[in-house]
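So this one's work_34.tsv, TSV, C-alpha atoms and all ligand atoms:
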```
chain	number	residue	atom	x	y	z
A	256	MET	CA	-6.10	12.35	22.93
A	257	VAL	CA	-3.65	13.13	20.12
A	258	SER	CA	-5.33	13.72	16.79
A	259	VAL	CA	-4.16	11.21	14.16
A	260	ALA	CA	-3.49	14.20	11.92
A	261	ASP	CA	-0.81	15.56	14.27
A	262	VAL	CA	1.65	12.69	14.08
A	263	SER	CA	3.81	11.05	11.42
A	264	ARG	CA	3.63	7.44	12.43
A	265	TYR	CA	1.57	5.91	9.64
A	266	ILE	CA	3.84	4.61	6.88
A	267	ALA	CA	2.79	2.59	3.85
A	268	LEU	CA	4.95	0.56	1.47
A	269	GLU	CA	3.88	0.34	-2.15
A	270	GLY	CA	5.14	-1.05	-5.43
A	271	VAL	CA	4.37	-3.36	-8.33
A	272	ASP	CA	3.79	-7.05	-7.62
A	273	GLY	CA	6.96	-8.70	-6.32
A	274	SER	CA	8.66	-5.41	-5.36
A	275	GLY	CA	9.79	-6.73	-1.96
A	276	LYS	CA	7.56	-4.54	0.21
A	277	SER	CA	6.95	-7.10	2.92
A	278	THR	CA	10.68	-7.48	3.66
A	279	VAL	CA	10.99	-3.72	4.06
A	280	VAL	CA	7.89	-3.59	6.29
A	281	SER	CA	9.50	-6.13	8.66
A	282	ALA	CA	12.93	-4.46	8.60
A	283	LEU	CA	11.46	-1.01	9.28
A	284	ALA	CA	9.28	-2.37	12.09
A	285	THR	CA	12.30	-4.09	13.66
A	286	ARG	CA	14.38	-0.92	13.52
A	287	LEU	CA	11.62	1.16	15.14
A	288	ARG	CA	11.01	-1.48	17.83
A	289	ASP	CA	14.74	-1.56	18.58
A	290	ALA	CA	14.45	2.21	19.14
A	291	GLY	CA	11.73	1.55	21.74
A	292	GLU	CA	8.66	2.28	19.60
A	293	THR	CA	5.48	0.21	19.54
A	294	VAL	CA	4.73	-0.84	15.99
A	295	VAL	CA	1.72	-2.51	14.40
A	296	THR	CA	2.22	-4.02	10.95
A	297	VAL	CA	-0.72	-4.67	8.64
A	298	ARG	CA	-1.26	-5.69	5.05
A	299	GLU	CA	-3.87	-4.83	2.46
A	300	PRO	CA	-5.95	-6.48	1.31
A	301	GLY	CA	-6.34	-8.12	4.70
A	302	GLY	CA	-5.09	-7.10	8.10
A	303	SER	CA	-8.35	-7.82	9.92
A	304	PRO	CA	-10.46	-11.02	10.07
A	305	PHE	CA	-13.01	-9.39	7.73
A	306	GLY	CA	-10.19	-8.19	5.47
A	307	GLU	CA	-8.63	-11.61	5.18
A	308	VAL	CA	-11.95	-13.05	3.96
A	309	VAL	CA	-12.25	-10.22	1.43
A	310	ARG	CA	-8.63	-10.85	0.38
A	311	GLY	CA	-9.65	-14.36	-0.66
A	312	LEU	CA	-12.61	-13.01	-2.65
A	313	LEU	CA	-10.42	-10.43	-4.37
A	314	LEU	CA	-7.41	-12.54	-5.21
A	315	ASP	CA	-8.62	-16.13	-5.53
A	316	SER	CA	-11.73	-15.74	-7.68
A	317	ASP	CA	-11.36	-16.33	-11.44
A	318	HIS	CA	-13.31	-13.26	-12.42
A	319	LEU	CA	-14.63	-10.25	-10.56
A	320	ASP	CA	-16.66	-7.29	-11.77
A	321	ILE	CA	-14.40	-4.21	-11.71
A	322	LYS	CA	-16.89	-2.16	-9.64
A	323	ALA	CA	-16.96	-4.96	-7.08
A	324	GLU	CA	-13.15	-5.04	-7.14
A	325	VAL	CA	-12.88	-1.30	-6.37
A	326	LEU	CA	-15.52	-1.45	-3.65
A	327	LEU	CA	-14.15	-4.59	-1.99
A	328	PHE	CA	-10.67	-3.07	-1.76
A	329	ALA	CA	-12.24	0.05	-0.23
A	330	ALA	CA	-14.47	-2.02	2.09
A	331	GLN	CA	-11.62	-4.06	3.60
A	332	ARG	CA	-9.70	-0.77	3.98
A	333	ALA	CA	-12.57	0.90	5.85
A	334	VAL	CA	-12.68	-1.97	8.35
A	335	LEU	CA	-8.91	-2.17	8.75
A	336	THR	CA	-8.71	1.59	9.29
A	337	SER	CA	-11.47	1.86	11.86
A	338	GLU	CA	-10.64	-1.35	13.75
A	339	VAL	CA	-6.83	-1.41	13.65
A	340	VAL	CA	-5.09	1.62	12.14
A	341	ARG	CA	-6.95	4.49	13.79
A	342	PRO	CA	-6.94	2.95	17.31
A	343	ALA	CA	-3.21	2.18	17.02
A	344	LEU	CA	-2.35	5.73	15.92
A	345	GLU	CA	-4.56	7.23	18.63
A	346	GLY	CA	-2.76	5.01	21.15
A	347	GLY	CA	0.61	6.45	20.10
A	348	GLU	CA	1.70	3.40	18.13
A	349	TRP	CA	3.29	3.27	14.70
A	350	VAL	CA	1.47	1.61	11.84
A	351	ILE	CA	3.48	0.16	8.98
A	352	SER	CA	1.25	-1.04	6.19
A	353	ASP	CA	2.05	-3.35	3.29
A	354	ARG	CA	-0.02	-1.38	0.71
A	355	THR	CA	-2.67	1.26	1.22
A	356	TYR	CA	-5.21	3.06	-0.98
A	357	TYR	CA	-2.38	4.23	-3.22
A	358	SER	CA	-2.49	0.65	-4.57
A	359	SER	CA	-6.10	1.22	-5.53
A	360	LEU	CA	-5.16	4.49	-7.24
A	361	ALA	CA	-2.46	2.73	-9.27
A	362	TYR	CA	-4.06	-0.69	-9.94
A	363	GLN	CA	-7.78	0.10	-10.19
A	364	GLY	CA	-7.58	3.83	-10.94
A	365	ARG	CA	-4.99	3.74	-13.66
A	366	ALA	CA	-4.12	0.18	-14.75
A	367	ARG	CA	-7.76	-0.99	-14.75
A	368	GLY	CA	-8.86	2.39	-16.15
A	369	VAL	CA	-11.45	3.32	-13.53
A	370	GLY	CA	-9.90	6.78	-13.05
A	371	MET	CA	-7.61	7.84	-10.23
A	372	ASP	CA	-9.76	10.78	-9.06
A	373	TRP	CA	-12.85	8.65	-8.60
A	374	VAL	CA	-10.94	5.87	-6.84
A	375	ARG	CA	-9.32	8.45	-4.56
A	376	GLU	CA	-12.71	9.89	-3.66
A	377	ILE	CA	-14.20	6.53	-2.67
A	378	ASN	CA	-11.13	5.57	-0.67
A	379	GLU	CA	-10.67	8.86	1.15
A	380	TRP	CA	-14.29	8.50	2.20
A	381	ALA	CA	-13.60	4.91	3.31
A	382	VAL	CA	-10.60	5.82	5.49
A	383	ASP	CA	-12.23	8.92	6.93
A	384	GLY	CA	-9.14	11.11	7.09
A	385	VAL	CA	-6.68	8.42	8.22
A	386	ILE	CA	-4.16	8.83	5.41
A	387	PRO	CA	-0.57	7.57	5.50
A	388	ASP	CA	1.91	10.29	6.40
A	389	LEU	CA	4.45	8.72	4.10
A	390	VAL	CA	3.93	6.40	1.14
A	391	VAL	CA	7.15	4.67	0.12
A	392	VAL	CA	7.16	3.21	-3.39
A	393	LEU	CA	9.77	0.53	-4.09
A	394	ASP	CA	10.57	1.10	-7.72
A	395	VAL	CA	11.23	-2.28	-9.32
A	396	ASP	CA	11.21	-3.25	-12.97
A	397	PRO	CA	7.76	-4.85	-13.50
A	398	GLU	CA	9.22	-7.86	-15.31
A	399	GLU	CA	11.68	-8.46	-12.52
A	400	GLY	CA	8.84	-8.12	-9.98
A	401	LEU	CA	6.73	-10.74	-11.74
A	402	ARG	CA	9.71	-13.11	-11.83
A	403	ARG	CA	10.19	-12.70	-8.07
A	404	GLN	CA	6.54	-13.30	-7.20
A	405	HIS	CA	6.06	-16.30	-4.91
A	406	ARG	CA	2.42	-16.92	-5.68
A	407	GLU	CA	0.58	-15.55	-8.65
A	408	ASP	CA	-2.93	-14.21	-7.88
A	409	ARG	CA	-5.76	-12.93	-10.11
A	410	ILE	CA	-4.23	-9.46	-10.35
A	411	GLY	CA	-0.64	-10.68	-10.70
A	412	ARG	CA	-1.79	-12.74	-13.71
A	413	GLU	CA	-2.58	-9.55	-15.65
A	414	GLY	CA	1.03	-9.52	-16.85
A	415	VAL	CA	3.85	-7.12	-17.51
A	416	ASP	CA	1.98	-4.39	-19.47
A	417	PHE	CA	-0.50	-4.07	-16.63
A	418	GLN	CA	2.31	-3.87	-14.07
A	419	SER	CA	4.03	-1.21	-16.22
A	420	GLU	CA	0.87	0.91	-15.98
A	421	VAL	CA	0.90	0.40	-12.20
A	422	ARG	CA	4.51	1.56	-12.06
A	423	ALA	CA	3.75	4.62	-14.22
A	424	ALA	CA	0.88	5.51	-11.88
A	425	TYR	CA	3.17	5.41	-8.84
A	426	LEU	CA	5.69	7.66	-10.59
A	427	GLU	CA	2.90	10.07	-11.49
A	428	LEU	CA	1.65	10.11	-7.89
A	429	ALA	CA	5.18	10.77	-6.60
A	430	GLU	CA	5.55	13.68	-8.99
A	431	ALA	CA	2.18	15.14	-7.97
A	432	GLU	CA	2.61	14.56	-4.22
A	433	PRO	CA	6.31	14.91	-3.40
A	434	ASP	CA	5.55	15.69	0.26
A	435	ARG	CA	3.82	12.34	0.79
A	436	VAL	CA	5.24	9.91	-1.77
A	437	LEU	CA	8.89	8.80	-1.68
A	438	ILE	CA	10.31	6.64	-4.47
A	439	LEU	CA	13.15	4.28	-3.53
A	440	LYS	CA	15.16	2.30	-6.05
A	441	GLY	CA	14.36	-1.39	-5.70
A	442	SER	CA	18.06	-2.15	-6.20
A	443	LEU	CA	18.98	-0.68	-2.77
A	444	ALA	CA	19.76	-3.08	0.07
A	445	VAL	CA	16.90	-3.45	2.55
A	446	GLU	CA	18.78	-1.67	5.36
A	447	GLU	CA	19.62	1.19	2.99
A	448	MET	CA	15.91	1.53	2.27
A	449	VAL	CA	15.15	1.62	5.99
A	450	ASP	CA	17.86	4.29	6.47
A	451	ALA	CA	16.31	6.40	3.69
A	452	ILE	CA	12.82	6.09	5.18
A	453	LEU	CA	13.99	7.02	8.68
A	454	GLU	CA	15.98	9.93	7.29
A	455	ARG	CA	12.91	11.16	5.45
A	456	LEU	CA	10.99	10.94	8.74
A	457	GLY	CA	13.72	12.96	10.44
A	458	ARG	CA	14.77	10.10	12.72
B	501	LIG	P1	0.05	-8.20	-2.30
B	501	LIG	O1	-0.38	-9.24	-1.37
B	501	LIG	O2	0.75	-7.00	-1.74
B	501	LIG	O3	0.85	-8.90	-3.45
B	501	LIG	P2	2.36	-8.74	-3.96
B	501	LIG	O4	3.21	-9.19	-2.83
B	501	LIG	O5	2.38	-9.62	-5.16
B	501	LIG	O6	2.58	-7.31	-4.31
B	501	LIG	O7	-1.22	-7.63	-3.10
B	501	LIG	C1	-2.07	-8.51	-3.74
B	501	LIG	C2	-2.53	-7.96	-5.05
B	501	LIG	O8	-3.59	-7.04	-4.87
B	501	LIG	C3	-1.46	-7.24	-5.86
B	501	LIG	O9	-1.56	-7.71	-7.21
B	501	LIG	C4	-1.89	-5.80	-5.80
B	501	LIG	C5	-3.38	-5.89	-5.68
B	501	LIG	N1	-4.05	-4.72	-5.07
B	501	LIG	C6	-4.89	-3.93	-5.85
B	501	LIG	O10	-5.06	-4.18	-7.06
B	501	LIG	N2	-5.52	-2.87	-5.27
B	501	LIG	C7	-5.39	-2.56	-3.96
B	501	LIG	O11	-5.99	-1.59	-3.45
B	501	LIG	C8	-4.51	-3.40	-3.16
B	501	LIG	C9	-4.33	-3.12	-1.70
B	501	LIG	C10	-3.88	-4.47	-3.76
```
Re-express the file's structure as structure tokens.
Amino acid sequence: MVSVADVSRYIALEGVDGSGKSTVVSALATRLRDAGETVVTVREPGGSPFGEVVRGLLLDSDHLDIKAEVLLFAAQRAVLTSEVVRPALEGGEWVISDRTYYSSLAYQGRARGVGMDWVREINEWAVDGVIPDLVVVLDVDPEEGLRRQHREDRIGREGVDFQSEVRAAYLELAEAEPDRVLILKGSLAVEEMVDAILERLGR
């Protein structure tokens, strides 16, 4: 069986709230399927029956202890990774994820002030080595993102200063990890974004 570490088929889309990730996830999946690939798309929080329940706890409650917030994001990610992501990658499929633990680094690690190193440690333990090969950050002005949001949740309600911290965290991560993190301007057309991602993947 192919080791999940030997392939580049696990791609995650990231960005501030309302950055348009889900549209790019669908467009990228369509393009890969048209090229004959088998693609699984997932979203975090969620993506598994357990994860969808946790999503409700994370996003619909009025208040949540920050430690519980960090751990619940990591918990739904552990289940999604072991039940869906790892088996798909081992089966030769692509996985395109709407968010990954880089969201936790940016939102909980930096914007909530928990610390990115600590949040990374918990999450890398939770995913047990199944780390996206490419993390694509859609760089959108936080104010514009909040305007575009369809449905405001507990974290989206934190406002523009919070989202600006999230954006700064993504930029910092891209600077520190240029081999893994690709920033794309949110002003690009969706198909241009897909072209840039495929080019980066050498396809
Ligand atoms: P999402 O459904 O992607 O919302 P949006 O389309 O508005 O970006 O994510 C829901 C919220 O959860 C969003 O505010 C980001 C937040 N989030 C975290 O704070 N940490 C995480 O680890 C993840 C995956 C999401």
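Considering all atoms listed in the file, the residue among A:Ser419, A:Ser442, A:Ser352, A:Ser274 positioned nearest to ligand LIG 501 (chain B) is A:Ser274.
When all atoms listed in the file are used to measure the gap to Leu326 of chain A, the shortest distance among A:Ser277, A:Ser263, A:Gln418, A:Ser359 belongs to A:Ser359.
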If you take all atoms listed in the file and a cut-off of 10 Å, which residues of chain A touch ligand LIG 501 (chain B), and what are their nearest atom pairs and distances in Å to one decimal, in chain and number order, as a Markdown table?
```
| residue | atom | partner | partner_atom | distance |
| --- | --- | --- | --- | --- |
| A:Leu268 | CA | B:LIG501 | O2 | 9.2 |
| A:Glu269 | CA | B:LIG501 | O2 | 8.0 |
| A:Gly270 | CA | B:LIG501 | O6 | 6.9 |
| A:Val271 | CA | B:LIG501 | O6 | 5.9 |
| A:Asp272 | CA | B:LIG501 | O6 | 3.5 |
| A:Gly273 | CA | B:LIG501 | O5 | 4.8 |
| A:Ser274 | CA | B:LIG501 | O6 | 6.5 |
| A:Gly275 | CA | B:LIG501 | O4 | 7.1 |
| A:Lys276 | CA | B:LIG501 | O4 | 7.1 |
| A:Ser277 | CA | B:LIG501 | O4 | 7.2 |
| A:Arg298 | CA | B:LIG501 | O2 | 7.2 |
| A:Glu299 | CA | B:LIG501 | C9 | 4.5 |
| A:Pro300 | CA | B:LIG501 | C9 | 4.8 |
| A:Gly301 | CA | B:LIG501 | C9 | 8.4 |
| A:Arg310 | CA | B:LIG501 | C1 | 8.1 |
| A:Leu313 | CA | B:LIG501 | O8 | 7.6 |
| A:Leu314 | CA | B:LIG501 | C2 | 6.7 |
| A:Glu324 | CA | B:LIG501 | O10 | 8.1 |
| A:Val325 | CA | B:LIG501 | O11 | 7.5 |
| A:Leu326 | CA | B:LIG501 | O11 | 9.5 |
| A:Leu327 | CA | B:LIG501 | O11 | 8.8 |
| A:Phe328 | CA | B:LIG501 | O11 | 5.2 |
| A:Ala329 | CA | B:LIG501 | O11 | 7.2 |
| A:Gln331 | CA | B:LIG501 | C9 | 9.1 |
| A:Arg332 | CA | B:LIG501 | C9 | 8.2 |
| A:Ser352 | CA | B:LIG501 | C9 | 9.9 |
| A:Asp353 | CA | B:LIG501 | O2 | 6.3 |
| A:Arg354 | CA | B:LIG501 | C9 | 5.2 |
| A:Thr355 | CA | B:LIG501 | C9 | 5.5 |
| A:Tyr356 | CA | B:LIG501 | O11 | 5.3 |
| A:Tyr357 | CA | B:LIG501 | O11 | 6.9 |
| A:Ser358 | CA | B:LIG501 | O11 | 4.3 |
| A:Ser359 | CA | B:LIG501 | O11 | 3.5 |
| A:Leu360 | CA | B:LIG501 | O11 | 7.2 |
| A:Ala361 | CA | B:LIG501 | N2 | 7.5 |
| A:Tyr362 | CA | B:LIG501 | O10 | 4.6 |
| A:Gln363 | CA | B:LIG501 | O10 | 6.0 |
| A:Gly364 | CA | B:LIG501 | N2 | 9.0 |
| A:Ala366 | CA | B:LIG501 | O10 | 8.9 |
| A:Arg367 | CA | B:LIG501 | O10 | 8.8 |
| A:Val374 | CA | B:LIG501 | O11 | 9.6 |
| A:Asn378 | CA | B:LIG501 | O11 | 9.2 |
| A:Gly400 | CA | B:LIG501 | O5 | 8.2 |
| A:Leu401 | CA | B:LIG501 | O5 | 8.0 |
| A:Arg403 | CA | B:LIG501 | O5 | 8.9 |
| A:Gln404 | CA | B:LIG501 | O5 | 5.9 |
| A:His405 | CA | B:LIG501 | O5 | 7.6 |
| A:Arg406 | CA | B:LIG501 | O5 | 7.3 |
| A:Glu407 | CA | B:LIG501 | O5 | 7.1 |
| A:Asp408 | CA | B:LIG501 | O9 | 6.7 |
| A:Arg409 | CA | B:LIG501 | O9 | 7.3 |
| A:Ile410 | CA | B:LIG501 | O9 | 4.5 |
| A:Gly411 | CA | B:LIG501 | O9 | 4.7 |
| A:Arg412 | CA | B:LIG501 | O9 | 8.2 |
| A:Glu413 | CA | B:LIG501 | O9 | 8.7 |
| A:Gln418 | CA | B:LIG501 | O9 | 8.8 |
| A:Val421 | CA | B:LIG501 | O10 | 9.1 |
```
Same residues, C-alpha atoms, saved as a compact mmCIF listing (two decimals), in the frame of the given file:
```
# COMPACT_ATOMS: atom_id res chain seq x y z
CA LEU A 268 4.95 0.56 1.47
CA GLU A 269 3.88 0.34 -2.15
CA GLY A 270 5.14 -1.05 -5.43
CA VAL A 271 4.37 -3.36 -8.33
CA ASP A 272 3.79 -7.05 -7.62
CA GLY A 273 6.96 -8.70 -6.32
CA SER A 274 8.66 -5.41 -5.36
CA GLY A 275 9.79 -6.73 -1.96
CA LYS A 276 7.56 -4.54 0.21
CA SER A 277 6.95 -7.10 2.92
CA ARG A 298 -1.26 -5.69 5.05
CA GLU A 299 -3.87 -4.83 2.46
CA PRO A 300 -5.95 -6.48 1.31
CA GLY A 301 -6.34 -8.12 4.70
CA ARG A 310 -8.63 -10.85 0.38
CA LEU A 313 -10.42 -10.43 -4.37
CA LEU A 314 -7.41 -12.54 -5.21
CA GLU A 324 -13.15 -5.04 -7.14
CA VAL A 325 -12.88 -1.30 -6.37
CA LEU A 326 -15.52 -1.45 -3.65
CA LEU A 327 -14.15 -4.59 -1.99
CA PHE A 328 -10.67 -3.07 -1.76
CA ALA A 329 -12.24 0.05 -0.23
CA GLN A 331 -11.62 -4.06 3.60
CA ARG A 332 -9.70 -0.77 3.98
CA SER A 352 1.25 -1.04 6.19
CA ASP A 353 2.05 -3.35 3.29
CA ARG A 354 -0.02 -1.38 0.71
CA THR A 355 -2.67 1.26 1.22
CA TYR A 356 -5.21 3.06 -0.98
CA TYR A 357 -2.38 4.23 -3.22
CA SER A 358 -2.49 0.65 -4.57
CA SER A 359 -6.10 1.22 -5.53
CA LEU A 360 -5.16 4.49 -7.24
CA ALA A 361 -2.46 2.73 -9.27
CA TYR A 362 -4.06 -0.69 -9.94
CA GLN A 363 -7.78 0.10 -10.19
CA GLY A 364 -7.58 3.83 -10.94
CA ALA A 366 -4.12 0.18 -14.75
CA ARG A 367 -7.76 -0.99 -14.75
CA VAL A 374 -10.94 5.87 -6.84
CA ASN A 378 -11.13 5.57 -0.67
CA GLY A 400 8.84 -8.12 -9.98
CA LEU A 401 6.73 -10.74 -11.74
CA ARG A 403 10.19 -12.70 -8.07
CA GLN A 404 6.54 -13.30 -7.20
CA HIS A 405 6.06 -16.30 -4.91
CA ARG A 406 2.42 -16.92 -5.68
CA GLU A 407 0.58 -15.55 -8.65
CA ASP A 408 -2.93 -14.21 -7.88
CA ARG A 409 -5.76 -12.93 -10.11
CA ILE A 410 -4.23 -9.46 -10.35
CA GLY A 411 -0.64 -10.68 -10.70
CA ARG A 412 -1.79 -12.74 -13.71
CA GLU A 413 -2.58 -9.55 -15.65
CA GLN A 418 2.31 -3.87 -14.07
CA VAL A 421 0.90 0.40 -12.20
```
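Take atom CA of Trp349 of chain A and atom CA of Arg375 of chain A: the distance between them is 23.6 Å.
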Atom CA of Pro304 of chain A and atom CA of Val340 of chain A are how many Å apart?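 According to the coordinates, atom CA of Pro304 of chain A and atom CA of Val340 of chain A are separated by 13.9 Å.
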Nearest to Ala423 of chain A among A:Glu399, A:Glu338, A:Glu447, A:Asp394, with distances taken over all atoms listed in the file: which residue is it?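 Comparing A:Glu399, A:Glu338, A:Glu447, A:Asp394 against Ala423 of chain A, the winner is A:Asp394.
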Option closest in space to Val309 of chain A, from A:Ala333, A:Pro342, A:Phe417, A:Val294 [counting only C-alpha atoms]: A:Ala333
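Computed from the coordinates, the atom CA of Tyr265 of chain A to atom CA of Leu426 of chain A distance equals 20.7 Å.
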Here is a test: counting only C-alpha atoms, which residue of A:Leu393, A:Arg365, A:Thr293, A:Arg455 is nearest to Glu427 of chain A?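 Answer, going by the shortest atom-to-atom distance: A:Arg365.
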Give me the residues within 12 Å of Val295 of chain A as a ChimeraX atom specification, counting all atoms listed in the file and dropping any in the same chain fewer than 3 places off. /A:264-267,280-281,283-285,287-288,292,298,302,339-344,346-353
Using all atoms listed in the file, pick whichever of A:Glu430, A:Gly370, A:Ala444, A:Arg458 has the shortest atom-to-atom distance to Ala282 of chain A.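 Among the listed residues, A:Ala444 lies closest to Ala282 of chain A.
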